[in-house]
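These notes concern the structure reproduced below.
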Amino acid sequence: MTTPSTRVFDGHNDTLIDLHIPERGGGRSFFERSETGQVDFPRAREGNFGGGFFAVFVPNEEYEYDRTETDEGYEMDLPPAIAHERAKHFTYDVLARLHRIEAESEGTVRVVGDYDDLEACLTFEGTIAAIPHLEGAEAVAPDLSNLDLLYAAGVRSIGPVWSRPNEFGHGVRFEYPGTPDTDPGLTDAGRDLVRACNEKGILVDLAHITTAGFEDVAEISTDPLVVSHAAVHDVCRVSRNLTDEQIDAVADSGGLVGITFAEGFLKKDPHSNADLPISGLVDHVEYVADRVGVEYVALGSDFDGADVPEAVGDVTGLPDVLAEIRDRGFTDEEVRKIAQENWLRVIEETWE
């Protein structure tokens, strides 16, 4: 097992949405241990979770996510775009909820937007660092007029798109087998958003973006390329996963790939009902490390937003993930890099 000092910084969770929407989380409290969901404060402490990007995702209203089974896998249509005004108000409400959690925590949960504060928070084992992230930029005004307000509310990471179109670009479709090369890339507003994020010190997250959008960001951005939660296309041929060329581009920029725990992006066979062992998750970690170096891979679980391997279960399974990584032959120093130091390096370079 890992040592108590190996606290994990996680690149992505949907816990705020699980807490905010009663139909999803059952009205549970972040401060009480629950049998539902995957992250709460007691379980986070047990799992040595030091913090991460807490996503704000705006669901489509009354939309059925239809999945068509095929001989080889499945296909799904892109959900429709959502209105900016609705996304804005929903996002403001969720950000307010996060700040209320911080206020109620008596210092044990901190909304962090400064690198030194983040580093200090991860050093103190009784504290969880929460960095607000927008999973899809629908809440950002197309003219970027509320970007300063979002920054003041703590937002330090924005994914221009989720898997649907918006004013800033196009998200990748869910299909297996498939590639990320499914739709166009960034719009002019999307290019302006990337430049503005670079200027303000907001991380640009390339999860869910198409190949064309990925290439647009790579051409425009002056910051390291980051994909908060994805996996390896060569291992699992789902369209949301990263090709070798994309993994190489991330490493060439000094960025990183956060390996998701979502089973649908890890399994080699989409029709398999067998439980995925933790080794199946670590296959993706090892692939990126072997291809481009251990400095460019980290963790991006997607807790509370996806089905994760039963052997992980929830945030309490993080030490078992790190133990499996170590069992693959990674040194203690390399495990620390994957657990938090690679994220810290990229965040410091982006924010400062």
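In the structure tokens, the first chain shown is A, the next is B, and so on; residue numbers restart at 1 for each chain, and ligands run from 1 in the order shown.
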
Go through region 2-79 of chain A and flag each residue having an atom no more than 9 Å from region 221-236 of chain A; for those, report the closest pair of atoms plus their distance in Å to one decimal, using only C-alpha atoms, ordered by chain and rising number, as CSV.
residue,atom,partner,partner_atom,distance
A:Asp10,CA,A:Ser228,CA,8.7
A:Gly11,CA,A:Ser228,CA,5.2
A:His12,CA,A:Ser228,CA,6.2
A:Phe53,CA,A:Ser228,CA,8.7

Quick check for you: according to DSSP on this backbone, which residues of region 55-128 of chain A are classed as alpha helix (DSSP H)? Reply as a PyMOL selection string.
chain A and resi 84-104+115-123

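Proximity to Val56 (chain A) was assessed for A:Gly159, A:Gly37, A:Pro132, A:Gly178 counting only C-alpha atoms; the smallest distance is recorded for A:Pro132.
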
Just checking: using only C-alpha atoms, which residue out of A:His99, A:Leu203, A:Asp192, A:Val285 ends up closest to Phe330 (chain A)?
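Distance minimum relative to Phe330 (chain A) lands on A:Val285.
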
Go through region 15-130 of chain A and flag each residue having an atom no more than 12 Å from region 299-321 of chain A; for those, report the closest pair of atoms plus their distance in Å to one decimal, using only C-alpha atoms, ordered by chain and rising number, as JSON lines.
{"residue": "A:Thr15", "atom": "CA", "partner": "A:Asp304", "partner_atom": "CA", "distance": 5.3}
{"residue": "A:Leu16", "atom": "CA", "partner": "A:Asp304", "partner_atom": "CA", "distance": 8.7}
{"residue": "A:Ile17", "atom": "CA", "partner": "A:Asp304", "partner_atom": "CA", "distance": 8.2}
{"residue": "A:Asp18", "atom": "CA", "partner": "A:Asp304", "partner_atom": "CA", "distance": 6.5}
{"residue": "A:Leu19", "atom": "CA", "partner": "A:Asp304", "partner_atom": "CA", "distance": 9.5}
{"residue": "A:His20", "atom": "CA", "partner": "A:Asp304", "partner_atom": "CA", "distance": 11.8}
{"residue": "A:Ile21", "atom": "CA", "partner": "A:Asp304", "partner_atom": "CA", "distance": 11.9}
{"residue": "A:Arg24", "atom": "CA", "partner": "A:Asp304", "partner_atom": "CA", "distance": 9.2}
{"residue": "A:Gly25", "atom": "CA", "partner": "A:Asp304", "partner_atom": "CA", "distance": 8.8}
{"residue": "A:Arg33", "atom": "CA", "partner": "A:Thr316", "partner_atom": "CA", "distance": 11.4}
{"residue": "A:Ser34", "atom": "CA", "partner": "A:Asp314", "partner_atom": "CA", "distance": 10.9}
{"residue": "A:Glu35", "atom": "CA", "partner": "A:Asp314", "partner_atom": "CA", "distance": 10.1}
{"residue": "A:Thr36", "atom": "CA", "partner": "A:Asp304", "partner_atom": "CA", "distance": 9.4}
{"residue": "A:Gly37", "atom": "CA", "partner": "A:Asp304", "partner_atom": "CA", "distance": 5.7}
{"residue": "A:Gln38", "atom": "CA", "partner": "A:Asp314", "partner_atom": "CA", "distance": 4.4}
{"residue": "A:Val39", "atom": "CA", "partner": "A:Val315", "partner_atom": "CA", "distance": 5.7}
{"residue": "A:Asp40", "atom": "CA", "partner": "A:Val315", "partner_atom": "CA", "distance": 8.3}
{"residue": "A:Phe41", "atom": "CA", "partner": "A:Val315", "partner_atom": "CA", "distance": 9.8}
{"residue": "A:Pro42", "atom": "CA", "partner": "A:Thr316", "partner_atom": "CA", "distance": 9.3}
{"residue": "A:Arg43", "atom": "CA", "partner": "A:Thr316", "partner_atom": "CA", "distance": 5.7}
{"residue": "A:Ala44", "atom": "CA", "partner": "A:Val315", "partner_atom": "CA", "distance": 5.8}
{"residue": "A:Arg45", "atom": "CA", "partner": "A:Thr316", "partner_atom": "CA", "distance": 8.1}
{"residue": "A:Glu46", "atom": "CA", "partner": "A:Thr316", "partner_atom": "CA", "distance": 5.7}
{"residue": "A:Gly47", "atom": "CA", "partner": "A:Thr316", "partner_atom": "CA", "distance": 3.8}
{"residue": "A:Asn48", "atom": "CA", "partner": "A:Pro319", "partner_atom": "CA", "distance": 7.2}
{"residue": "A:Phe49", "atom": "CA", "partner": "A:Val315", "partner_atom": "CA", "distance": 7.2}
{"residue": "A:Gly50", "atom": "CA", "partner": "A:Val315", "partner_atom": "CA", "distance": 10.8}
{"residue": "A:Gly51", "atom": "CA", "partner": "A:Val315", "partner_atom": "CA", "distance": 11.1}
{"residue": "A:Gly52", "atom": "CA", "partner": "A:Gly300", "partner_atom": "CA", "distance": 8.7}
{"residue": "A:Phe53", "atom": "CA", "partner": "A:Gly300", "partner_atom": "CA", "distance": 8.8}
{"residue": "A:Phe54", "atom": "CA", "partner": "A:Asp302", "partner_atom": "CA", "distance": 9.7}
{"residue": "A:Ala55", "atom": "CA", "partner": "A:Asp302", "partner_atom": "CA", "distance": 9.2}
{"residue": "A:Val56", "atom": "CA", "partner": "A:Gly305", "partner_atom": "CA", "distance": 11.1}
{"residue": "A:Phe57", "atom": "CA", "partner": "A:Gly305", "partner_atom": "CA", "distance": 9.8}
{"residue": "A:Pro59", "atom": "CA", "partner": "A:Gly305", "partner_atom": "CA", "distance": 11.5}

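Within 9 Å of region 195-201 of chain A, once only C-alpha atoms are used and residues closer than 5 positions along the same chain are dropped, the contacting residues are Leu144, Leu147, Asp148, Tyr151, Arg156, Ser157, Ile158, Gly190, Ile220, Ser221, Thr222, Asp223, Glu349, Thr350, Trp351 and Glu352 of chain A.
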
Can you spit out the residues from that selection as a PDB file, in the first residue's frame, using N, CA and C atoms?
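Listing of result-v8.pdb after writing:
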ATOM      1  N   LEU A 144     -17.107  36.873 -23.846  1.00  0.00           N
ATOM      2  CA  LEU A 144     -16.210  36.703 -22.696  1.00  0.00           C
ATOM      3  C   LEU A 144     -16.423  37.755 -21.613  1.00  0.00           C
ATOM      4  N   LEU A 147     -16.052  36.503 -17.976  1.00  0.00           N
ATOM      5  CA  LEU A 147     -14.903  35.668 -17.636  1.00  0.00           C
ATOM      6  C   LEU A 147     -14.212  36.169 -16.373  1.00  0.00           C
ATOM      7  N   ASP A 148     -14.137  37.479 -16.195  1.00  0.00           N
ATOM      8  CA  ASP A 148     -13.530  38.019 -14.977  1.00  0.00           C
ATOM      9  C   ASP A 148     -14.332  37.611 -13.745  1.00  0.00           C
ATOM     10  N   TYR A 151     -13.625  34.030 -12.978  1.00  0.00           N
ATOM     11  CA  TYR A 151     -12.286  33.943 -12.384  1.00  0.00           C
ATOM     12  C   TYR A 151     -12.346  34.348 -10.912  1.00  0.00           C
ATOM     13  N   ARG A 156     -10.498  28.187 -12.419  1.00  0.00           N
ATOM     14  CA  ARG A 156      -9.115  28.186 -12.898  1.00  0.00           C
ATOM     15  C   ARG A 156      -8.882  27.136 -13.978  1.00  0.00           C
ATOM     16  N   SER A 157      -9.954  26.528 -14.456  1.00  0.00           N
ATOM     17  CA  SER A 157      -9.846  25.537 -15.526  1.00  0.00           C
ATOM     18  C   SER A 157     -11.151  25.537 -16.308  1.00  0.00           C
ATOM     19  N   ILE A 158     -11.029  25.563 -17.626  1.00  0.00           N
ATOM     20  CA  ILE A 158     -12.204  25.553 -18.494  1.00  0.00           C
ATOM     21  C   ILE A 158     -11.966  24.586 -19.660  1.00  0.00           C
ATOM     22  N   GLY A 190     -14.177  30.543 -29.748  1.00  0.00           N
ATOM     23  CA  GLY A 190     -13.363  29.559 -29.048  1.00  0.00           C
ATOM     24  C   GLY A 190     -11.894  29.917 -29.053  1.00  0.00           C
ATOM     25  N   ILE A 220      -2.792  27.611 -30.966  1.00  0.00           N
ATOM     26  CA  ILE A 220      -3.018  28.923 -30.356  1.00  0.00           C
ATOM     27  C   ILE A 220      -2.362  29.055 -28.993  1.00  0.00           C
ATOM     28  N   SER A 221      -2.488  28.024 -28.167  1.00  0.00           N
ATOM     29  CA  SER A 221      -2.172  28.147 -26.746  1.00  0.00           C
ATOM     30  C   SER A 221      -0.670  28.277 -26.496  1.00  0.00           C
ATOM     31  N   THR A 222      -0.350  29.089 -25.522  1.00  0.00           N
ATOM     32  CA  THR A 222       1.044  29.233 -25.075  1.00  0.00           C
ATOM     33  C   THR A 222       1.302  28.428 -23.812  1.00  0.00           C
ATOM     34  N   ASP A 223       0.288  27.724 -23.320  1.00  0.00           N
ATOM     35  CA  ASP A 223       0.407  26.913 -22.104  1.00  0.00           C
ATOM     36  C   ASP A 223       0.541  25.436 -22.451  1.00  0.00           C
ATOM     37  N   GLU A 349       2.845  26.195 -13.872  1.00  0.00           N
ATOM     38  CA  GLU A 349       3.250  26.842 -15.125  1.00  0.00           C
ATOM     39  C   GLU A 349       2.088  27.602 -15.769  1.00  0.00           C
ATOM     40  N   THR A 350       0.872  27.094 -15.625  1.00  0.00           N
ATOM     41  CA  THR A 350      -0.294  27.722 -16.242  1.00  0.00           C
ATOM     42  C   THR A 350      -0.781  28.922 -15.459  1.00  0.00           C
ATOM     43  N   TRP A 351      -0.785  28.827 -14.139  1.00  0.00           N
ATOM     44  CA  TRP A 351      -1.353  29.875 -13.306  1.00  0.00           C
ATOM     45  C   TRP A 351      -0.401  31.053 -13.099  1.00  0.00           C
ATOM     46  N   GLU A 352       0.889  30.769 -13.071  1.00  0.00           N
ATOM     47  CA  GLU A 352       1.847  31.831 -12.696  1.00  0.00           C
ATOM     48  C   GLU A 352       2.134  32.754 -13.875  1.00  0.00           C
TER      49      GLU A 352
END

DSSP on the backbone, then: every residue of region 102-336 of chain A marked strand (DSSP E), written as a ChimeraX atom specification.
/A:109-111,128-135,157-159,175-176,203-204,226-230,256-259,297-299
